[in-house]
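Below is data-v9.cif, which holds mmCIF, C-alpha atoms.
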data_start
loop_
_atom_site.label_atom_id
_atom_site.label_comp_id
_atom_site.auth_asym_id
_atom_site.auth_seq_id
_atom_site.Cartn_x
_atom_site.Cartn_y
_atom_site.Cartn_z
CA MET A 736 3.19 58.09 90.67
CA THR A 737 0.10 60.30 90.61
CA THR A 738 -1.65 60.67 87.26
CA THR A 739 -3.71 63.82 86.69
CA GLN A 740 -6.13 64.69 83.89
CA PHE A 741 -3.03 66.13 82.19
CA GLY A 742 -1.03 62.91 82.42
CA LYS A 743 1.78 61.87 84.75
CA LYS A 744 3.62 65.20 84.61
CA GLY A 745 0.45 67.12 85.41
CA TRP A 746 -0.30 70.58 84.06
CA THR A 747 2.72 72.68 83.04
CA PRO A 748 3.04 76.13 81.39
CA GLU A 749 4.03 74.41 78.13
CA ARG A 750 0.27 74.12 77.60
CA ILE A 751 -0.15 77.92 77.47
CA GLY A 752 -0.42 79.25 73.93
CA ASN A 753 0.23 82.76 72.63
CA LEU A 754 -1.30 85.34 75.01
CA ILE A 755 -0.81 88.47 72.88
CA GLY A 756 -3.85 90.74 73.30
CA LYS A 757 -4.81 89.22 76.66
CA THR A 758 -4.65 91.08 80.00
CA PHE A 759 -4.07 89.56 83.43
CA VAL A 760 -4.37 91.38 86.75
CA ILE A 761 -2.36 89.73 89.56
CA THR A 762 -2.02 90.58 93.25
CA GLY A 763 1.21 90.01 95.17
CA THR A 764 3.82 89.80 92.42
CA THR A 765 7.01 91.07 94.10
CA SER A 766 8.08 87.56 95.19
CA GLY A 767 7.05 83.92 95.32
CA THR A 768 4.32 82.38 93.20
CA GLY A 769 2.87 85.73 92.07
CA PHE A 770 6.25 86.81 90.71
CA GLU A 771 6.69 83.53 88.83
CA ALA A 772 3.14 83.63 87.44
CA ALA A 773 3.58 87.21 86.18
CA LYS A 774 6.88 86.33 84.53
CA ILE A 775 5.46 83.28 82.74
CA LEU A 776 2.40 85.19 81.48
CA LEU A 777 4.60 88.03 80.20
CA SER A 778 6.90 85.52 78.47
CA LYS A 779 3.83 84.31 76.52
CA GLY A 780 3.02 87.83 75.29
CA ALA A 781 0.33 88.79 77.81
CA LYS A 782 -0.16 92.23 79.31
CA VAL A 783 0.14 92.09 83.12
CA VAL A 784 -1.07 94.59 85.70
CA MET A 785 0.55 94.00 89.10
CA LEU A 786 -1.20 95.01 92.33
CA ASN A 787 1.17 95.30 95.32
CA ARG A 788 1.29 97.27 98.54
CA ASN A 789 4.94 98.33 98.10
CA PRO A 790 5.47 100.50 94.96
CA LYS A 791 9.28 100.43 95.28
CA LYS A 792 9.34 96.62 95.34
CA ALA A 793 6.94 96.53 92.39
CA GLU A 794 9.23 98.86 90.42
CA ASP A 795 12.25 96.66 91.22
CA THR A 796 10.29 93.57 90.17
CA ILE A 797 9.45 95.09 86.80
CA LYS A 798 13.14 95.94 86.28
CA ILE A 799 14.18 92.35 87.08
CA ILE A 800 11.60 90.88 84.69
CA LYS A 801 12.52 93.34 81.92
CA GLU A 802 16.18 92.40 82.28
CA GLU A 803 15.19 88.79 81.65
CA LEU A 804 12.44 89.18 79.05
CA GLY A 805 13.27 92.50 77.37
CA ASN A 806 11.90 96.03 77.56
CA GLU A 807 9.05 95.46 75.11
CA ILE A 808 6.94 93.44 77.60
CA GLU A 809 3.66 95.08 78.62
CA VAL A 810 3.70 95.34 82.40
CA SER A 811 2.49 97.99 84.83
CA ALA A 812 2.08 98.32 88.59
CA ILE A 813 -0.68 99.79 90.76
CA LYS A 814 -0.39 100.30 94.51
CA MET A 815 -2.90 98.32 96.55
CA ASP A 816 -3.02 97.13 100.14
CA LEU A 817 -5.57 94.31 100.46
CA ALA A 818 -5.82 95.03 104.20
CA GLU A 819 -7.43 98.44 103.53
CA GLN A 820 -10.77 98.66 101.75
CA ALA A 821 -10.10 102.26 100.66
CA SER A 822 -6.85 101.16 99.02
CA VAL A 823 -8.60 98.24 97.26
CA ARG A 824 -11.33 100.55 95.93
CA LYS A 825 -8.79 103.10 94.70
CA ALA A 826 -6.71 100.41 92.99
CA ALA A 827 -9.77 98.85 91.34
CA GLU A 828 -10.76 102.25 89.97
CA GLU A 829 -7.24 102.70 88.59
CA VAL A 830 -7.33 99.25 86.96
CA LEU A 831 -10.65 100.09 85.30
CA ASN A 832 -9.18 103.36 84.01
CA THR A 833 -6.02 101.61 82.76
CA VAL A 834 -7.19 98.49 80.90
CA THR A 835 -10.01 97.74 78.51
CA ARG A 836 -10.24 94.03 79.30
CA ILE A 837 -9.42 91.51 82.05
CA ASP A 838 -8.95 87.95 80.85
CA ALA A 839 -8.20 86.79 84.38
CA LEU A 840 -7.96 88.36 87.81
CA ILE A 841 -5.56 86.22 89.86
CA CYS A 842 -5.98 86.79 93.60
CA ASN A 843 -2.62 85.51 94.76
CA ALA A 844 -1.53 87.84 97.61
CA ALA A 845 -2.07 86.78 101.23
CA ILE A 846 -0.77 87.06 104.76
CA ALA A 847 -0.44 84.08 107.09
CA GLN A 848 0.00 83.00 110.71
CA VAL A 849 -0.20 86.49 112.28
CA PRO A 850 1.06 85.81 115.86
CA LYS A 851 -1.45 87.96 117.80
CA GLN A 852 -4.97 89.06 117.04
CA THR A 853 -4.65 92.25 114.98
CA LEU A 854 -7.46 94.25 113.42
CA THR A 855 -7.40 96.03 110.06
CA VAL A 856 -8.31 99.72 109.76
CA ASP A 857 -11.78 98.53 108.75
CA GLY A 858 -12.14 96.58 111.99
CA TRP A 859 -11.69 92.98 110.83
CA GLU A 860 -9.25 90.32 112.06
CA SER A 861 -6.20 90.95 109.87
CA GLN A 862 -6.06 87.64 108.00
CA MET A 863 -9.80 87.66 107.29
CA GLY A 864 -9.65 91.35 106.37
CA THR A 865 -6.72 90.90 103.98
CA ASN A 866 -7.14 87.43 102.51
CA TYR A 867 -10.90 87.40 102.38
CA TYR A 868 -12.63 90.80 102.51
CA GLY A 869 -9.88 92.49 100.47
CA ASN A 870 -10.34 89.94 97.69
CA PHE A 871 -14.13 89.96 97.94
CA THR A 872 -14.14 93.72 97.29
CA LEU A 873 -11.56 93.59 94.51
CA GLN A 874 -13.42 90.82 92.70
CA ALA A 875 -16.79 92.59 93.02
CA LEU A 876 -15.44 95.91 91.70
CA LEU A 877 -13.63 94.35 88.73
CA PHE A 878 -16.42 91.87 87.97
CA PRO A 879 -18.25 94.03 85.36
CA LEU A 880 -15.09 94.31 83.20
CA ILE A 881 -14.24 90.62 83.75
CA GLU A 882 -17.76 89.76 82.61
CA LYS A 883 -17.51 92.05 79.57
CA SER A 884 -14.18 90.35 78.70
CA LYS A 885 -15.64 86.84 79.24
CA GLY A 886 -12.79 86.47 81.72
CA ARG A 887 -11.98 84.50 84.84
CA ILE A 888 -11.57 85.00 88.57
CA VAL A 889 -8.89 82.82 90.14
CA THR A 890 -8.61 82.58 93.91
CA VAL A 891 -5.37 81.18 95.27
CA GLY A 892 -6.44 79.39 98.43
CA SER A 893 -4.43 77.07 100.64
CA MET A 894 -4.62 73.56 102.06
CA GLY A 895 -4.80 75.53 105.29
CA TYR A 896 -8.57 75.71 104.64
CA ASP A 897 -8.76 72.24 106.21
CA MET A 898 -6.39 72.86 109.14
CA GLY A 899 -8.68 74.81 111.47
CA ILE A 900 -12.35 74.64 112.43
CA LYS A 901 -14.43 73.20 109.61
CA THR A 902 -16.90 76.05 109.26
CA ILE A 903 -17.12 79.85 109.53
CA LYS A 904 -17.17 81.13 113.11
CA PHE A 905 -20.09 83.49 112.55
CA ASP A 906 -20.52 84.28 116.25
CA ASP A 907 -16.92 85.56 116.56
CA MET A 908 -15.41 86.26 113.14
CA ASN A 909 -12.70 88.48 114.65
CA TRP A 910 -11.56 85.77 117.06
CA ASP A 911 -11.99 87.96 120.15
CA LYS A 912 -12.03 84.66 122.03
CA ASP A 913 -9.59 81.78 121.47
CA TYR A 914 -7.45 83.48 118.79
CA THR A 915 -4.73 81.29 117.32
CA PRO A 916 -2.67 82.26 114.26
CA ASN A 917 -3.50 79.00 112.51
CA ASN A 918 -7.26 78.98 113.15
CA ALA A 919 -7.66 82.57 111.94
CA TYR A 920 -5.55 81.89 108.83
CA SER A 921 -7.45 78.67 108.09
CA GLN A 922 -10.75 80.55 108.42
CA SER A 923 -9.68 83.22 105.94
CA LYS A 924 -8.64 80.60 103.39
CA LEU A 925 -11.80 78.55 103.87
CA ALA A 926 -13.85 81.72 103.31
CA GLN A 927 -11.93 82.52 100.11
CA ILE A 928 -12.52 79.05 98.66
CA MET A 929 -16.18 78.82 99.74
CA THR A 930 -16.98 82.11 98.06
CA ILE A 931 -15.62 80.94 94.70
CA TYR A 932 -18.04 78.00 94.65
CA GLU A 933 -20.88 80.26 95.83
CA LEU A 934 -19.99 82.67 93.01
CA GLN A 935 -20.17 79.77 90.53
CA ASP A 936 -23.70 78.97 91.77
CA ARG A 937 -24.80 82.61 91.48
CA LEU A 938 -23.39 82.94 87.96
CA LYS A 939 -25.19 79.73 86.96
CA GLU A 940 -28.49 80.97 88.42
CA ALA A 941 -28.09 84.26 86.52
CA GLY A 942 -27.34 82.36 83.30
CA LYS A 943 -23.89 83.94 83.05
CA SER A 944 -21.73 81.15 81.71
CA ASP A 945 -19.22 83.53 80.12
CA VAL A 946 -17.47 84.26 83.43
CA LYS A 947 -15.51 81.43 85.04
CA ALA A 948 -14.40 81.23 88.68
CA TYR A 949 -11.71 78.86 89.98
CA ALA A 950 -10.16 77.87 93.30
CA CYS A 951 -6.62 76.53 93.52
CA HIS A 952 -3.64 76.45 95.88
CA PRO A 953 0.16 76.41 95.48
CA GLY A 954 0.89 73.42 97.70
CA SER A 955 3.98 73.73 99.86
CA SER A 956 6.13 76.21 97.96
CA SER A 957 9.32 78.06 98.72
CA THR A 958 7.92 81.59 99.22
CA ASN A 959 8.16 84.46 101.69
CA LEU A 960 4.57 84.10 102.94
CA ILE A 961 5.42 83.03 106.49
CA ASN A 962 8.47 85.32 106.62
CA THR A 963 6.21 88.31 105.92
CA SER A 964 3.71 87.86 108.74
CA GLY A 965 4.42 84.77 110.87
CA SER A 966 5.91 84.46 114.35
CA ALA A 967 9.65 83.81 114.91
CA MET A 968 8.92 80.13 115.62
CA MET A 969 6.78 79.72 112.47
CA LYS A 970 9.52 81.38 110.38
CA PHE A 971 12.12 79.02 111.83
CA ILE A 972 10.01 75.90 111.17
CA PHE A 973 9.06 76.93 107.65
CA ASN A 974 12.59 77.94 106.66
CA LEU A 975 13.79 74.49 107.81
CA MET A 976 10.99 72.87 105.78
CA LYS A 977 12.12 74.74 102.67
CA LEU A 978 15.24 72.57 102.68
CA SER A 979 13.24 69.33 102.57
CA PRO A 980 11.66 67.44 99.62
CA LEU A 981 8.26 68.37 101.09
CA VAL A 982 8.65 71.86 99.58
CA GLN A 983 8.70 72.69 95.87
CA SER A 984 9.94 75.76 94.00
CA ALA A 985 7.86 78.96 93.84
CA GLU A 986 7.71 78.48 90.07
CA LYS A 987 5.97 75.12 90.48
CA GLY A 988 3.74 76.71 93.11
CA ALA A 989 2.58 79.15 90.41
CA TYR A 990 1.38 76.40 88.07
CA PRO A 991 -2.11 75.93 89.59
CA GLN A 992 -3.02 79.62 89.30
CA LEU A 993 -1.62 79.78 85.76
CA MET A 994 -3.64 76.73 84.79
CA CYS A 995 -6.84 78.19 86.23
CA ALA A 996 -6.19 81.49 84.41
CA THR A 997 -5.41 80.04 80.98
CA GLU A 998 -6.41 76.39 80.46
CA PRO A 999 -9.39 76.14 78.06
CA ASP A 1000 -12.51 74.25 79.21
CA LEU A 1001 -11.24 73.63 82.73
CA ASP A 1002 -13.96 72.25 85.01
CA GLN A 1003 -14.91 74.93 87.54
CA SER A 1004 -16.10 72.44 90.14
CA GLY A 1005 -12.56 71.16 90.68
CA PHE A 1006 -10.05 72.26 93.32
CA TYR A 1007 -6.60 72.51 91.75
CA GLY A 1008 -3.10 72.08 93.10
CA PRO A 1009 -0.25 69.56 93.48
CA THR A 1010 -1.59 66.00 93.58
CA GLY A 1011 1.35 64.30 95.32
CA ARG A 1012 1.89 63.64 99.02
CA ASN A 1013 -0.59 65.61 101.19
CA ASN A 1014 -1.17 67.78 98.10
CA TRP A 1015 2.01 69.65 99.07
CA VAL A 1016 4.07 68.79 95.98
CA GLY A 1017 3.70 66.78 92.79
CA PRO A 1018 1.99 66.97 89.38
CA VAL A 1019 -0.66 69.71 89.15
CA GLY A 1020 -4.28 68.75 88.60
CA ALA A 1021 -7.66 68.47 90.34
CA HIS A 1022 -7.83 66.79 93.73
CA LYS A 1023 -10.22 66.19 96.61
CA LEU A 1024 -11.85 69.14 98.35
CA GLU A 1025 -13.31 68.39 101.78
CA PRO A 1026 -17.15 68.69 101.80
CA HIS A 1027 -17.23 71.49 104.41
CA ALA A 1028 -15.68 73.86 101.82
CA LYS A 1029 -18.84 73.48 99.71
CA ASP A 1030 -21.38 73.78 102.53
CA LYS A 1031 -24.10 75.74 100.70
CA ALA A 1032 -25.89 77.17 103.74
CA VAL A 1033 -22.63 78.47 105.25
CA ALA A 1034 -21.40 79.87 101.92
CA LYS A 1035 -24.69 81.70 101.30
CA ARG A 1036 -24.65 83.23 104.77
CA LEU A 1037 -20.99 84.22 104.39
CA TRP A 1038 -21.73 85.93 101.05
CA GLU A 1039 -24.61 87.93 102.55
CA ILE A 1040 -22.48 89.00 105.54
CA SER A 1041 -19.62 89.94 103.19
CA GLU A 1042 -21.83 92.21 101.08
CA LYS A 1043 -23.08 93.87 104.26
CA GLU A 1044 -19.59 94.24 105.79
CA THR A 1045 -17.98 95.65 102.64
CA GLY A 1046 -21.04 97.65 101.63
CA LEU A 1047 -20.76 96.14 98.15
CA LYS A 1048 -23.40 94.27 96.21
CA TRP A 1049 -22.12 92.17 93.34
CA ASN A 1050 -23.72 93.11 90.04
CA ILE A 1051 -24.58 89.57 88.90
#

Let me see the structure of the file written as structure tokens.
Amino acid sequence: MTTTQFGKKGWTPERIGNLIGKTFVITGTTSGTGFEAAKILLSKGAKVVMLNRNPKKAEDTIKIIKEELGNEIEVSAIKMDLAEQASVRKAAEEVLNTVTRIDALICNAAIAQVPKQTLTVDGWESQMGTNYYGNFTLQALLFPLIEKSKGRIVTVGSMGYDMGIKTIKFDDMNWDKDYTPNNAYSQSKLAQIMTIYELQDRLKEAGKSDVKAYACHPGSSSTNLINTSGSAMMKFIFNLMKLSPLVQSAEKGAYPQLMCATEPDLDQSGFYGPTGRNNWVGPVGAHKLEPHAKDKAVAKRLWEISEKETGLKWNI
């Protein structure tokens, strides 16, 4: 039995206190871990702003949650497609016009295992453009309000960060050569995680200890991630896996992001997720992060390229 810093059962939402007066912004809440995280935060009295690309699905989600928790919950939805920088900018502006504080921005939405190389409207490989650049821009634009609120940025990564090449392919970031769905996905997740630790370093250098940044992952959870963007074969394999003990519920998959968004005095240097077999399932806590995800020289270069590509300089 794995024992975490939270004991044998690991971290659970029972540790979350009253969240009345707190505001959480979450991406990708119409299903899976994002849906479960939003529901749990709302059940604790928080205000939740959902960012999703499909307004109809977001509306339906709010109805479902209200049926369960009651009409008095404070929840709203803003349309945002992470794959389009213009959409991310517009959504960020709307968030800033809608709320007066952000206690945590939870970057949960992602796409995975896109079968063929596809480029976003901004010209990036689709998984890198959505999972990485989309989040980089959103975080940068909301950062001033997060800082003012002494809030947190939570990036939901993936163990996929360690399932491709172990660095950033700077000479071919769009995978014009040797594209594989897994390598491109792995790269996007590695980039997401690396940038959180680089952000921590930059905040430390600037003496800004009020903002916290965390990296976590959901383990192997029963979600629609692969069904949304994967190939027919990947969908088949993953839907078979969902029936095995190697996959946990979407609710349990939401625990790491909830912990990173709410747990007081949580060590930022940790990487959080299930601590059982292969870090796929099991009690939630901190576990090993492979050294290449904290390669300082690569992270610094990636940050500089990201500011140039998005045309956004973080105001740290």

Legend entry - Polymer residues at most 12 Å from region 794-805 of chain A, only C-alpha atoms, same-chain spacing of 3 or more positions, as an NGL selection string: :A and (763-767 or 769-780 or 783-791 or 808-814)

Would you export the selected residues with C-alpha atoms as a compact mmCIF listing (two decimals), keeping the file's coordinate frame, please?
# COMPACT_ATOMS: atom_id res chain seq x y z
CA GLY A 763 1.21 90.01 95.17
CA THR A 764 3.82 89.80 92.42
CA THR A 765 7.01 91.07 94.10
CA SER A 766 8.08 87.56 95.19
CA GLY A 767 7.05 83.92 95.32
CA GLY A 769 2.87 85.73 92.07
CA PHE A 770 6.25 86.81 90.71
CA GLU A 771 6.69 83.53 88.83
CA ALA A 772 3.14 83.63 87.44
CA ALA A 773 3.58 87.21 86.18
CA LYS A 774 6.88 86.33 84.53
CA ILE A 775 5.46 83.28 82.74
CA LEU A 776 2.40 85.19 81.48
CA LEU A 777 4.60 88.03 80.20
CA SER A 778 6.90 85.52 78.47
CA LYS A 779 3.83 84.31 76.52
CA GLY A 780 3.02 87.83 75.29
CA VAL A 783 0.14 92.09 83.12
CA VAL A 784 -1.07 94.59 85.70
CA MET A 785 0.55 94.00 89.10
CA LEU A 786 -1.20 95.01 92.33
CA ASN A 787 1.17 95.30 95.32
CA ARG A 788 1.29 97.27 98.54
CA ASN A 789 4.94 98.33 98.10
CA PRO A 790 5.47 100.50 94.96
CA LYS A 791 9.28 100.43 95.28
CA ILE A 808 6.94 93.44 77.60
CA GLU A 809 3.66 95.08 78.62
CA VAL A 810 3.70 95.34 82.40
CA SER A 811 2.49 97.99 84.83
CA ALA A 812 2.08 98.32 88.59
CA ILE A 813 -0.68 99.79 90.76
CA LYS A 814 -0.39 100.30 94.51

Legend entry - Phe905 (chain A) environment, 10 Å, all atoms listed in the file, sequence neighbours closer than 2 positions dropped, as a VMD selection string: chain A and resid 902 to 903 907 to 910 1033 1036 to 1037 1040

Legend entry - Answer key for the PyMOL selection byres ((chain A and resi 1008-1024) around 10), residues as number ranges by chain: A: 736-747, 891-894, 896-897, 928, 950-956, 980-984, 987-992, 994-995, 1001-1002, 1004-1007, 1025-1029

Legend entry - Test item: the PyMOL selection byres ((chain A and resi 879-889) around 7) resolved as a ChimeraX atom specification: /A:836-842,877-878,890-891,945-950,992,995-996

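Of the listed residues (A:Glu1042, A:Ala845, A:Gln1003, A:Leu993), A:Leu993 comes nearest to Pro748 (chain A); the distances count only C-alpha atoms.
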
Legend entry - Leu817 (chain A) environment, 8 Å, all atoms listed in the file, sequence neighbours closer than 2 positions dropped, as JSON, numbers by chain: {"A": [788, 815, 819, 820, 822, 823, 864, 865, 866, 869, 870]}

Legend entry - Point-to-point distance from CA of Lys901 (chain A) to CA of Ala875 (chain A), Å rounded to tenths: 25.6 Å

Legend entry - Coordinates-based distance that separates CA of Tyr920 (chain A) from CA of Gly899 (chain A) (Å, one decimal):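 Answer for the CA of Gly899 (chain A) to CA of Tyr920 (chain A) separation: 8.2 Å.
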
Inset, instruction - Enter the distance from CA of Asn753 (chain A) to CA of Thr833 (chain A), in Å, rounded to one decimal. - result: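 Interatomic distance, CA of Asn753 (chain A) to CA of Thr833 (chain A): 22.3 Å.
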
Inset, instruction - Evaluate the PyMOL selection byres ((chain A and resi 1046) around 12) here and jot the selected residues down as a ChimeraX atom specification. - result: /A:820-821,824,857,868,871-872,875-876,1038-1045,1047-1049

Could you please take those selected residues and save C-alpha atoms as a compact mmCIF listing (two decimals), keeping the file's coordinate frame?
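Listed below is the output, again_6.txt:
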# COMPACT_ATOMS: atom_id res chain seq x y z
CA GLN A 820 -10.77 98.66 101.75
CA ALA A 821 -10.10 102.26 100.66
CA ARG A 824 -11.33 100.55 95.93
CA ASP A 857 -11.78 98.53 108.75
CA TYR A 868 -12.63 90.80 102.51
CA PHE A 871 -14.13 89.96 97.94
CA THR A 872 -14.14 93.72 97.29
CA ALA A 875 -16.79 92.59 93.02
CA LEU A 876 -15.44 95.91 91.70
CA TRP A 1038 -21.73 85.93 101.05
CA GLU A 1039 -24.61 87.93 102.55
CA ILE A 1040 -22.48 89.00 105.54
CA SER A 1041 -19.62 89.94 103.19
CA GLU A 1042 -21.83 92.21 101.08
CA LYS A 1043 -23.08 93.87 104.26
CA GLU A 1044 -19.59 94.24 105.79
CA THR A 1045 -17.98 95.65 102.64
CA LEU A 1047 -20.76 96.14 98.15
CA LYS A 1048 -23.40 94.27 96.21
CA TRP A 1049 -22.12 92.17 93.34

Inset, instruction - Identify which of the residues A:Ile761, A:Ala1032, A:Lys904, A:Tyr867 lies closest to Ala793 (chain A), counting all atoms listed in the file when measuring atom-to-atom distances. - result: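 With all atoms listed in the file as the atom set, the closest residue is A:Ile761.
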